[in-house]
>>> print(open('target-v5.txt').read())   # compact mmCIF, C-alpha atoms
# COMPACT_ATOMS: atom_id res chain seq x y z
CA MET S 968 99.84 -9.61 34.22
CA LYS S 969 102.28 -12.47 34.07
CA ILE S 970 102.22 -16.24 34.09
CA GLY S 971 103.59 -18.18 37.02
CA ARG S 972 103.33 -21.42 38.91
CA VAL S 973 102.50 -21.54 42.60
CA THR S 974 105.43 -23.32 44.25
CA GLY S 975 104.56 -22.92 47.91
CA THR S 976 103.48 -20.68 50.74
CA VAL S 977 105.24 -18.14 52.91
CA VAL S 978 104.65 -17.83 56.65
CA SER S 979 105.51 -14.58 58.39
CA THR S 980 104.58 -13.77 61.98
CA ARG S 981 106.24 -10.36 62.29
CA LYS S 982 104.72 -8.39 59.43
CA LEU S 983 102.70 -5.32 58.54
CA GLU S 984 99.28 -5.35 60.20
CA SER S 985 97.53 -4.89 56.87
CA LEU S 986 98.88 -8.27 55.71
CA GLU S 987 97.22 -10.13 58.61
CA GLY S 988 94.85 -12.84 57.40
CA ILE S 989 96.04 -12.76 53.82
CA LYS S 990 97.47 -16.01 52.41
CA LEU S 991 100.88 -15.42 50.90
CA LEU S 992 101.85 -17.62 47.95
CA LEU S 993 105.30 -18.25 46.54
CA VAL S 994 105.00 -17.86 42.76
CA GLN S 995 107.66 -18.73 40.18
CA PRO S 996 107.64 -16.61 36.97
CA LEU S 997 107.67 -18.69 33.76
CA ASP S 998 109.10 -18.14 30.28
CA ASP S 999 107.34 -18.94 26.98
CA ASN S 1000 108.22 -22.63 27.36
CA MET S 1001 106.64 -22.53 30.82
CA GLU S 1002 110.10 -23.05 32.37
CA ASN S 1003 111.18 -21.24 35.55
CA ASN S 1004 112.72 -17.85 34.76
CA GLY S 1005 113.55 -15.09 37.22
CA ASN S 1006 113.34 -14.65 40.98
CA PRO S 1007 110.24 -16.02 42.75
CA ILE S 1008 107.74 -13.52 44.11
CA VAL S 1009 105.45 -13.47 47.13
CA ALA S 1010 101.85 -12.76 46.11
CA CYS S 1011 98.56 -12.36 47.98
CA ASP S 1012 96.06 -15.05 47.09
CA THR S 1013 92.66 -13.83 45.86
CA VAL S 1014 91.43 -16.96 44.07
CA GLN S 1015 92.31 -19.79 46.47
CA ALA S 1016 95.18 -21.06 44.37
CA GLY S 1017 97.31 -23.96 45.58
CA SER S 1018 100.75 -25.45 44.99
CA GLY S 1019 101.26 -26.52 41.38
CA ASP S 1020 98.54 -24.26 39.93
CA LEU S 1021 99.38 -22.31 36.76
CA VAL S 1022 98.24 -18.76 37.54
CA ILE S 1023 97.94 -15.18 36.33
CA TYR S 1024 99.61 -12.82 38.79
CA GLU S 1025 100.52 -9.19 38.80
CA GLY S 1026 102.89 -6.90 40.56
CA GLY S 1027 102.60 -3.19 41.31
CA ARG S 1028 100.29 -0.70 42.94
CA GLU S 1029 97.26 -2.13 41.13
CA ALA S 1030 97.58 -5.44 42.98
CA ALA S 1031 96.05 -3.84 46.06
CA LEU S 1032 92.90 -3.15 44.05
CA ALA S 1033 92.38 -6.91 44.08
CA LEU S 1034 92.23 -6.88 47.88
CA ASP S 1035 89.55 -5.62 50.24
CA ASN S 1036 91.75 -2.81 51.53
CA TRP S 1037 92.88 -0.76 48.53
CA TYR S 1038 95.47 1.06 50.63
CA ASN S 1039 97.17 -2.19 51.51
CA PRO S 1040 100.87 -1.81 50.70
CA ALA S 1041 100.78 -5.28 49.10
CA ASP S 1042 102.13 -5.12 45.55
CA SER S 1043 101.63 -8.62 44.14
CA ALA S 1044 98.51 -10.74 43.82
CA VAL S 1045 97.44 -13.96 42.14
CA ILE S 1046 94.27 -12.94 40.28
CA GLY S 1047 93.36 -15.97 38.18
CA ILE S 1048 93.93 -19.68 37.78
CA ILE S 1049 94.70 -20.67 34.20
CA ASP S 1050 92.49 -23.42 32.75
CA GLN S 1051 93.78 -23.31 29.24
CA LEU S 1052 96.61 -21.67 27.35
CA ASP S 1053 96.35 -21.53 23.56
CA GLN S 1054 99.84 -20.67 22.42
CA VAL S 1055 101.12 -20.48 18.86
CA LYS S 1056 104.82 -21.30 18.84
CA ARG S 1057 107.13 -19.95 16.15
CA MET Q 810 106.47 -8.64 47.03
CA LYS Q 811 109.83 -10.34 46.76
CA ILE Q 812 112.13 -12.43 48.91
CA GLY Q 813 115.45 -11.06 50.11
CA ARG Q 814 118.03 -11.31 52.81
CA VAL Q 815 119.04 -8.32 54.91
CA THR Q 816 122.79 -7.91 54.38
CA GLY Q 817 123.44 -4.66 56.20
CA THR Q 818 122.48 -1.07 56.85
CA VAL Q 819 122.98 2.17 55.00
CA VAL Q 820 123.90 5.44 56.68
CA SER Q 821 123.16 8.71 54.92
CA THR Q 822 123.51 12.12 56.55
CA ARG Q 823 122.65 14.31 53.57
CA LYS Q 824 119.27 13.01 52.48
CA LEU Q 825 115.65 13.97 51.92
CA GLU Q 826 114.02 15.28 55.10
CA SER Q 827 111.20 12.76 54.85
CA LEU Q 828 113.72 9.92 55.28
CA GLU Q 829 114.92 11.26 58.66
CA GLY Q 830 114.51 8.72 61.44
CA ILE Q 831 113.80 5.79 59.13
CA LYS Q 832 116.19 2.84 59.34
CA LEU Q 833 117.54 1.95 55.90
CA LEU Q 834 118.36 -1.70 55.29
CA LEU Q 835 120.49 -3.18 52.53
CA VAL Q 836 118.52 -6.09 51.08
CA GLN Q 837 119.80 -8.68 48.61
CA PRO Q 838 117.18 -10.17 46.21
CA LEU Q 839 117.18 -13.98 46.11
CA ASP Q 840 116.39 -16.55 43.41
CA ASP Q 841 114.36 -19.74 43.88
CA ASN Q 842 117.39 -21.49 45.43
CA MET Q 843 117.68 -18.58 47.87
CA GLU Q 844 120.94 -17.55 46.20
CA ASN Q 845 121.85 -13.87 45.61
CA ASN Q 846 120.47 -12.62 42.29
CA GLY Q 847 120.35 -9.03 41.11
CA ASN Q 848 121.46 -5.67 42.47
CA PRO Q 849 120.92 -5.01 46.20
CA ILE Q 850 118.24 -2.51 47.18
CA VAL Q 851 117.89 -0.01 50.01
CA ALA Q 852 114.61 -0.51 51.88
CA CYS Q 853 112.89 1.23 54.80
CA ASP Q 854 112.51 -1.05 57.80
CA THR Q 855 108.96 -1.44 59.16
CA VAL Q 856 109.34 -4.69 61.11
CA GLN Q 857 112.66 -4.27 62.94
CA ALA Q 858 114.52 -6.70 60.72
CA GLY Q 859 118.23 -7.29 61.23
CA SER Q 860 121.24 -8.55 59.29
CA GLY Q 861 120.78 -12.13 58.12
CA ASP Q 862 116.96 -12.11 58.29
CA LEU Q 863 115.04 -13.64 55.38
CA VAL Q 864 112.40 -11.02 54.56
CA ILE Q 865 109.51 -10.02 52.34
CA TYR Q 866 110.17 -6.64 50.75
CA GLU Q 867 108.54 -4.60 48.08
CA GLY Q 868 109.45 -1.82 45.72
CA GLY Q 869 107.27 0.86 44.18
CA ARG Q 870 104.84 3.58 45.11
CA GLU Q 871 102.93 1.24 47.45
CA ALA Q 872 105.95 0.93 49.77
CA ALA Q 873 105.18 4.36 51.20
CA LEU Q 874 101.79 3.03 52.37
CA ALA Q 875 103.78 0.96 54.85
CA LEU Q 876 105.21 4.12 56.41
CA ASP Q 877 103.58 6.75 58.61
CA ASN Q 878 103.85 9.41 55.91
CA TRP Q 879 102.12 8.08 52.77
CA TYR Q 880 103.61 10.87 50.68
CA ASN Q 881 107.12 9.81 51.58
CA PRO Q 882 109.05 9.40 48.33
CA ALA Q 883 110.49 6.15 49.69
CA ASP Q 884 109.87 3.31 47.23
CA SER Q 885 111.11 0.16 48.98
CA ALA Q 886 110.18 -1.32 52.34
CA VAL Q 887 110.77 -4.53 54.27
CA ILE Q 888 107.25 -5.54 55.32
CA GLY Q 889 107.65 -8.99 56.88
CA ILE Q 890 110.17 -11.38 58.36
CA ILE Q 891 109.84 -14.92 56.96
CA ASP Q 892 109.48 -17.68 59.56
CA GLN Q 893 108.85 -20.51 57.19
CA LEU Q 894 108.97 -21.12 53.46
CA ASP Q 895 107.17 -24.20 52.11
CA GLN Q 896 108.50 -24.62 48.63
CA VAL Q 897 107.80 -27.46 46.20
CA LYS Q 898 110.81 -27.88 43.91
CA ARG Q 899 110.44 -29.28 40.41
CA MET N 181 104.87 1.07 25.81
CA LYS N 182 106.58 -1.96 24.36
CA ILE N 183 106.46 -4.05 21.21
CA GLY N 184 105.21 -7.61 21.28
CA ARG N 185 103.59 -10.31 19.21
CA VAL N 186 100.29 -11.90 20.20
CA THR N 187 101.02 -15.62 20.55
CA GLY N 188 97.73 -16.89 21.93
CA THR N 189 94.95 -16.54 24.43
CA VAL N 190 94.55 -17.40 28.10
CA VAL N 191 91.40 -18.93 29.55
CA SER N 192 90.73 -18.59 33.26
CA THR N 193 87.45 -19.56 34.93
CA ARG N 194 88.38 -18.86 38.54
CA LYS N 195 89.52 -15.24 38.47
CA LEU N 196 88.85 -11.80 39.87
CA GLU N 197 85.31 -10.61 39.10
CA SER N 198 86.60 -7.42 37.47
CA LEU N 199 88.32 -9.50 34.78
CA GLU N 200 85.04 -11.12 33.66
CA GLY N 201 84.31 -10.50 30.00
CA ILE N 202 87.77 -9.21 29.17
CA LYS N 203 89.72 -11.13 26.52
CA LEU N 204 93.16 -12.08 27.81
CA LEU N 205 95.95 -12.27 25.24
CA LEU N 206 99.32 -13.97 25.60
CA VAL N 207 101.91 -11.48 24.34
CA GLN N 208 105.60 -12.17 23.71
CA PRO N 209 107.98 -9.20 24.22
CA LEU N 210 110.35 -8.61 21.28
CA ASP N 211 113.89 -7.25 20.98
CA ASP N 212 115.14 -4.80 18.34
CA ASN N 213 115.39 -7.62 15.78
CA MET N 214 111.78 -8.51 16.55
CA GLU N 215 112.96 -11.78 18.11
CA ASN N 216 111.36 -13.19 21.28
CA ASN N 217 113.02 -11.82 24.41
CA GLY N 218 111.79 -12.13 27.97
CA ASN N 219 108.88 -13.85 29.70
CA PRO N 220 105.47 -13.68 27.99
CA ILE N 221 102.80 -11.49 29.57
CA VAL N 222 99.04 -11.72 29.84
CA ALA N 223 97.37 -8.54 28.57
CA CYS N 224 93.78 -7.31 28.29
CA ASP N 225 92.73 -6.78 24.70
CA THR N 226 91.36 -3.31 23.85
CA VAL N 227 91.82 -3.32 20.06
CA GLN N 228 90.60 -6.78 19.00
CA ALA N 229 94.08 -8.09 18.30
CA GLY N 230 94.58 -11.68 17.21
CA SER N 231 97.31 -14.32 17.16
CA GLY N 232 100.29 -13.23 15.09
CA ASP N 233 99.57 -9.49 15.31
CA LEU N 234 102.50 -7.18 16.06
CA VAL N 235 101.20 -4.92 18.83
CA ILE N 236 101.95 -2.07 21.23
CA TYR N 237 101.28 -3.14 24.80
CA GLU N 238 101.94 -1.68 28.19
CA GLY N 239 102.27 -2.83 31.73
CA GLY N 240 101.58 -0.99 34.95
CA ARG N 241 98.85 0.93 36.74
CA GLU N 242 98.11 3.00 33.63
CA ALA N 243 96.91 -0.08 31.71
CA ALA N 244 93.64 0.05 33.61
CA LEU N 245 92.99 3.50 32.13
CA ALA N 246 92.58 1.71 28.81
CA LEU N 247 89.66 -0.29 30.22
CA ASP N 248 86.13 0.77 31.09
CA ASN N 249 86.71 0.27 34.81
CA TRP N 250 89.71 2.38 35.81
CA TYR N 251 89.92 0.63 39.17
CA ASN N 252 90.36 -2.72 37.51
CA PRO N 253 93.46 -4.34 39.02
CA ALA N 254 94.54 -5.34 35.49
CA ASP N 255 98.07 -4.14 34.80
CA SER N 256 98.75 -4.99 31.15
CA ALA N 257 96.85 -4.07 28.01
CA VAL N 258 97.34 -4.28 24.26
CA ILE N 259 96.59 -0.73 23.11
CA GLY N 260 97.48 -0.70 19.41
CA ILE N 261 98.11 -2.91 16.42
CA ILE N 262 101.27 -1.95 14.54
CA ASP N 263 100.82 -1.33 10.81
CA GLN N 264 104.29 -0.13 10.07
CA LEU N 265 107.61 0.10 11.86
CA ASP N 266 110.25 2.43 10.41
CA GLN N 267 113.45 1.40 12.11
CA VAL N 268 116.94 2.69 11.42
CA LYS N 269 119.43 -0.05 12.23
CA ARG N 270 123.00 0.73 13.30
CA MET A 732 115.56 2.63 46.55
CA LYS A 733 118.76 1.50 44.92
CA ILE A 734 122.47 2.14 45.22
CA GLY A 735 124.36 3.93 42.48
CA ARG A 736 127.37 6.07 41.75
CA VAL A 737 127.06 9.50 40.14
CA THR A 738 129.11 9.32 36.95
CA GLY A 739 128.30 12.66 35.37
CA THR A 740 125.71 15.18 34.33
CA VAL A 741 123.28 15.45 31.45
CA VAL A 742 122.58 18.68 29.61
CA SER A 743 119.35 19.04 27.66
CA THR A 744 118.13 22.29 26.15
CA ARG A 745 115.00 21.04 24.41
CA LYS A 746 113.05 19.37 27.21
CA LEU A 747 109.79 19.41 29.13
CA GLU A 748 109.16 22.76 30.82
CA SER A 749 108.74 21.11 34.21
CA LEU A 750 112.36 19.92 34.09
CA GLU A 751 113.72 23.48 33.77
CA GLY A 752 116.12 24.37 36.57
CA ILE A 753 116.53 20.80 37.79
CA LYS A 754 120.06 19.36 37.74
CA LEU A 755 120.11 16.02 35.93
CA LEU A 756 122.67 13.48 37.12
CA LEU A 757 123.90 10.41 35.30
CA VAL A 758 123.78 7.55 37.82
CA GLN A 759 125.25 4.08 37.37
CA PRO A 760 123.41 1.23 39.20
CA LEU A 761 125.72 -0.99 41.28
CA ASP A 762 125.67 -4.67 42.25
CA ASP A 763 126.46 -6.10 45.68
CA ASN A 764 130.20 -5.74 45.03
CA MET A 765 129.59 -2.10 44.14
CA GLU A 766 130.49 -2.87 40.52
CA ASN A 767 128.60 -1.29 37.58
CA ASN A 768 125.55 -3.36 36.62
CA GLY A 769 122.77 -2.33 34.28
CA ASN A 770 122.00 0.68 32.11
CA PRO A 771 122.75 4.13 33.57
CA ILE A 772 119.79 6.31 34.54
CA VAL A 773 119.17 10.05 34.50
CA ALA A 774 118.02 11.28 37.91
CA CYS A 775 116.97 14.66 39.34
CA ASP A 776 119.35 15.85 42.04
CA THR A 777 117.73 16.73 45.38
CA VAL A 778 120.78 16.55 47.67
CA GLN A 779 123.51 18.34 45.69
CA ALA A 780 125.35 15.17 44.82
CA GLY A 781 128.44 15.30 42.60
CA SER A 782 130.45 13.01 40.34
CA GLY A 783 131.88 10.04 42.22
CA ASP A 784 129.36 10.16 45.08
CA LEU A 785 127.82 6.89 46.22
CA VAL A 786 124.09 7.62 46.42
CA ILE A 787 120.62 6.30 47.13
CA TYR A 788 118.35 6.88 44.15
CA GLU A 789 114.90 5.77 43.19
CA GLY A 790 112.84 5.38 40.10
CA GLY A 791 109.10 5.55 39.62
CA ARG A 792 106.15 7.83 40.24
CA GLU A 793 107.25 8.44 43.84
CA ALA A 794 110.43 10.22 42.70
CA ALA A 795 108.36 13.32 41.91
CA LEU A 796 107.38 13.51 45.58
CA ALA A 797 111.01 14.43 46.24
CA LEU A 798 110.65 17.51 44.03
CA ASP A 799 108.82 20.78 44.62
CA ASN A 800 106.26 20.03 41.90
CA TRP A 801 104.65 16.68 42.69
CA TYR A 802 103.08 16.50 39.25
CA ASN A 803 106.46 16.69 37.60
CA PRO A 804 106.69 13.77 35.16
CA ALA A 805 110.25 13.12 36.42
CA ASP A 806 110.59 9.50 37.51
CA SER A 807 114.07 9.21 39.01
CA ALA A 808 115.72 11.15 41.81
CA VAL A 809 118.88 10.97 43.90
CA ILE A 810 117.54 11.25 47.45
CA GLY A 811 120.57 10.61 49.68
CA ILE A 812 124.35 10.52 49.72
CA ILE A 813 125.73 7.40 51.38
CA ASP A 814 128.23 7.99 54.18
CA GLN A 815 128.59 4.44 55.29
CA LEU A 816 127.53 1.00 54.11
CA ASP A 817 127.68 -1.86 56.61
CA GLN A 818 127.42 -4.97 54.51
CA VAL A 819 127.72 -8.57 55.66
CA LYS A 820 129.06 -10.67 52.80
CA ARG A 821 128.27 -14.37 52.50
CA MET E 438 114.57 8.63 33.44
CA LYS E 439 116.76 6.67 31.07
CA ILE E 440 118.98 7.30 28.09
CA GLY E 441 118.04 6.05 24.65
CA ARG E 442 118.45 6.67 20.97
CA VAL E 443 115.48 7.26 18.68
CA THR E 444 115.67 4.54 16.04
CA GLY E 445 112.43 5.07 14.18
CA THR E 446 108.70 5.60 14.30
CA VAL E 447 105.72 3.35 14.83
CA VAL E 448 102.50 3.62 12.85
CA SER E 449 99.32 2.17 14.28
CA THR E 450 95.87 2.72 12.80
CA ARG E 451 93.82 0.55 15.14
CA LYS E 452 94.69 1.91 18.57
CA LEU E 453 93.26 3.48 21.70
CA GLU E 454 91.46 6.76 20.95
CA SER E 455 93.55 8.64 23.49
CA LEU E 456 96.67 7.91 21.42
CA GLU E 457 95.27 9.64 18.32
CA GLY E 458 97.48 12.48 17.13
CA ILE E 459 100.45 11.51 19.28
CA LYS E 460 103.70 10.70 17.47
CA LEU E 461 105.05 7.34 18.57
CA LEU E 462 108.82 6.93 18.56
CA LEU E 463 110.82 3.72 18.65
CA VAL E 464 113.52 4.21 21.29
CA GLN E 465 116.48 1.91 21.96
CA PRO E 466 117.72 1.82 25.60
CA LEU E 467 121.51 2.33 25.92
CA ASP E 468 124.14 1.09 28.36
CA ASP E 469 126.96 3.16 29.91
CA ASN E 470 128.99 2.85 26.68
CA MET E 471 125.97 4.14 24.77
CA GLU E 472 125.57 0.70 23.15
CA ASN E 473 122.14 -0.87 22.53
CA ASN E 474 120.96 -2.86 25.56
CA GLY E 475 117.50 -4.26 26.15
CA ASN E 476 114.24 -4.38 24.21
CA PRO E 477 113.19 -1.23 22.30
CA ILE E 478 110.26 0.75 23.65
CA VAL E 479 107.52 2.80 22.02
CA ALA E 480 107.37 6.31 23.50
CA CYS E 481 105.16 9.36 22.95
CA ASP E 482 107.11 12.30 21.58
CA THR E 483 106.84 15.55 23.57
CA VAL E 484 109.95 17.38 22.29
CA GLN E 485 109.88 16.76 18.53
CA ALA E 486 112.73 14.27 18.58
CA GLY E 487 113.83 12.55 15.38
CA SER E 488 115.68 9.42 14.29
CA GLY E 489 119.23 9.34 15.62
CA ASP E 490 118.63 11.76 18.51
CA LEU E 491 120.09 10.85 21.90
CA VAL E 492 117.18 11.38 24.31
CA ILE E 493 115.95 11.20 27.89
CA TYR E 494 112.85 9.04 28.12
CA GLU E 495 110.81 7.58 30.90
CA GLY E 496 108.40 4.77 31.44
CA GLY E 497 105.58 4.42 33.93
CA ARG E 498 102.44 6.18 35.09
CA GLU E 499 104.27 9.52 35.30
CA ALA E 500 104.83 9.60 31.53
CA ALA E 501 101.22 10.64 31.04
CA LEU E 502 101.93 13.79 33.07
CA ALA E 503 104.08 14.88 30.12
CA LEU E 504 101.04 14.77 27.83
CA ASP E 505 98.02 17.07 27.62
CA ASN E 506 95.66 14.38 28.86
CA TRP E 507 96.98 13.14 32.22
CA TYR E 508 94.62 10.17 32.14
CA ASN E 509 96.10 8.94 28.91
CA PRO E 510 97.07 5.29 29.42
CA ALA E 511 100.39 6.01 27.66
CA ASP E 512 103.29 4.88 29.83
CA SER E 513 106.43 6.02 27.99
CA ALA E 514 107.48 9.44 26.76
CA VAL E 515 110.57 11.11 25.35
CA ILE E 516 110.95 14.20 27.54
CA GLY E 517 114.28 15.72 26.51
CA ILE E 518 116.90 15.75 23.78
CA ILE E 519 120.45 15.39 25.14
CA ASP E 520 122.89 18.08 24.02
CA GLN E 521 125.80 17.03 26.16
CA LEU E 522 126.72 14.13 28.39
CA ASP E 523 129.60 14.61 30.83
CA GLN E 524 130.48 11.13 31.95
CA VAL E 525 133.37 10.08 34.17
CA LYS E 526 134.42 6.55 33.22
CA ARG E 527 136.05 4.21 35.74
>>> encode(input="target-v5.txt", output="structure tokens")
Amino acid sequence: MKIGRVTGTVVSTRKLESLEGIKLLLVQPLDDNMENNGNPIVACDTVQAGSGDLVIYEGGREAALALDNWYNPADSAVIGIIDQLDQVKR
Amino acid sequence: MKIGRVTGTVVSTRKLESLEGIKLLLVQPLDDNMENNGNPIVACDTVQAGSGDLVIYEGGREAALALDNWYNPADSAVIGIIDQLDQVKR
Amino acid sequence: MKIGRVTGTVVSTRKLESLEGIKLLLVQPLDDNMENNGNPIVACDTVQAGSGDLVIYEGGREAALALDNWYNPADSAVIGIIDQLDQVKR
Amino acid sequence: MKIGRVTGTVVSTRKLESLEGIKLLLVQPLDDNMENNGNPIVACDTVQAGSGDLVIYEGGREAALALDNWYNPADSAVIGIIDQLDQVKR
Amino acid sequence: MKIGRVTGTVVSTRKLESLEGIKLLLVQPLDDNMENNGNPIVACDTVQAGSGDLVIYEGGREAALALDNWYNPADSAVIGIIDQLDQVKR
């Protein structure tokens, strides 16, 4: 899983049927200083995350296992909201 | 899933049989400023997207689940056209 | 698999049920000089690793095979603590 | 799938049995200007591509679905030769 | 699959049971000039490769198919030693 910050939402009317009713979040990947790094991703919300939340997300086939329909072609999901990050810097 | 812009189409005569009849789009990955970033990909169209459209696409085994033949070796698909992007910039 | 250093832990209260009871480690990917390189990841601990440990981790669907529940949507796991690294530099 | 150019062939005598008899191509990933970008990959040929050909290739578990033996551990395959690329530049 | 050079071995005592008895190689990814590029990976050896060997390796779920236990969570394997590389440079 990776660490990201929810930066918004994505609205799509013409989309795969299996994505109907799933909230799509815009998530920005973060580096070890929690700065933006890399292209944003579009992830299915499973934990009712909102803009500004620091979250755990994942990408790949396993993301669908976080949804009700395991054969959903979705490949990214926010699976946790981070309360606390204990990080030892070197 | 990721955000990209459709920049064209790809025509291939000599290809895997399972790709016959599937429209192949050239999609450019975008960064958080919606600028080009990274190598373009070739994705199967499932939502009748066209050149210039801002789209949600995905890459990996799960892309085939968006097609009629789940055992298609295809590994990228455009699965939604973006109508609106609400993005909080920091 | 890849080489990383455990740099901390991640606490998340609101998360997928299947992640309950699994210790989440913050792992920093390393380059061939064992310097930080790339965004940190959040990995499930399977070997009781701690902060500072040099570890083998992996990302992807196969990570769940390292957990008790193979259908866990988790996609990263620390699967070994490195005792010794014999590296020929060029 | 991605766009690449076949730049050569790879010969390996000591290899996995399941790779016997499969032609291995060296493929260079290309950016949106069709310039080399990224490390070259080694892909199984399924369309009789040759050096210099512009091709569609893919990497990941799904590549094996393009081969006769689906349980082949191969994870990259050239699956189409590109005849024409209609690209709108911005 | 990708091209790499074996640069050493990794010893881990505390690790997943399914990795017992498997030789772990340190492999450095290479670019099209066969120069080091990217973070090193830790791969299971299936062809008795040694330090200095130019090899074909792969990463992902399919790597386990190269091992005796297909449900091994291992996700990288060296699957061939390269004898000859015919590369057309542009």
>>> atom_distance(input="target-v5.txt", atom1="CA of Ile1046 in chain S", atom2="CA of Ile1008 in chain S")
14.0 Å
>>> residues_around(input="target-v5.txt", residues="Asp840 in chain Q", least_positions_apart="3", cutoff="7 Å", atoms="all atoms listed in the file", output="ChimeraX atom specification")
/S:1005-1007 /Q:843-846
>>> interface_residues(input="target-v5.txt", of="chain N", to="chain E", cutoff="9 Å", atoms="only C-alpha atoms", output="PyMOL selection string")
chain N and resi 181-183+209-212+217-218+226-228+235-236+238-246+258-270
>>> write_last_selection(input="target-v5.txt", atoms="C-alpha atoms", output="short mmCIF file (atom, residue, chain, number, x, y, z; two decimals), in the frame of the given file")
data_model
loop_
_atom_site.label_atom_id
_atom_site.label_comp_id
_atom_site.auth_asym_id
_atom_site.auth_seq_id
_atom_site.Cartn_x
_atom_site.Cartn_y
_atom_site.Cartn_z
CA MET N 181 104.87 1.07 25.81
CA LYS N 182 106.58 -1.96 24.36
CA ILE N 183 106.46 -4.05 21.21
CA PRO N 209 107.98 -9.20 24.22
CA LEU N 210 110.35 -8.61 21.28
CA ASP N 211 113.89 -7.25 20.98
CA ASP N 212 115.14 -4.80 18.34
CA ASN N 217 113.02 -11.82 24.41
CA GLY N 218 111.79 -12.13 27.97
CA THR N 226 91.36 -3.31 23.85
CA VAL N 227 91.82 -3.32 20.06
CA GLN N 228 90.60 -6.78 19.00
CA VAL N 235 101.20 -4.92 18.83
CA ILE N 236 101.95 -2.07 21.23
CA GLU N 238 101.94 -1.68 28.19
CA GLY N 239 102.27 -2.83 31.73
CA GLY N 240 101.58 -0.99 34.95
CA ARG N 241 98.85 0.93 36.74
CA GLU N 242 98.11 3.00 33.63
CA ALA N 243 96.91 -0.08 31.71
CA ALA N 244 93.64 0.05 33.61
CA LEU N 245 92.99 3.50 32.13
CA ALA N 246 92.58 1.71 28.81
CA VAL N 258 97.34 -4.28 24.26
CA ILE N 259 96.59 -0.73 23.11
CA GLY N 260 97.48 -0.70 19.41
CA ILE N 261 98.11 -2.91 16.42
CA ILE N 262 101.27 -1.95 14.54
CA ASP N 263 100.82 -1.33 10.81
CA GLN N 264 104.29 -0.13 10.07
CA LEU N 265 107.61 0.10 11.86
CA ASP N 266 110.25 2.43 10.41
CA GLN N 267 113.45 1.40 12.11
CA VAL N 268 116.94 2.69 11.42
CA LYS N 269 119.43 -0.05 12.23
CA ARG N 270 123.00 0.73 13.30
#
>>> atom_distance(input="target-v5.txt", atom1="CA of Arg814 in chain Q", atom2="CA of Asn878 in chain Q")
25.3 Å
>>> atom_distance(input="target-v5.txt", atom1="CA of Ile459 in chain E", atom2="CA of Tyr494 in chain E")
15.4 Å
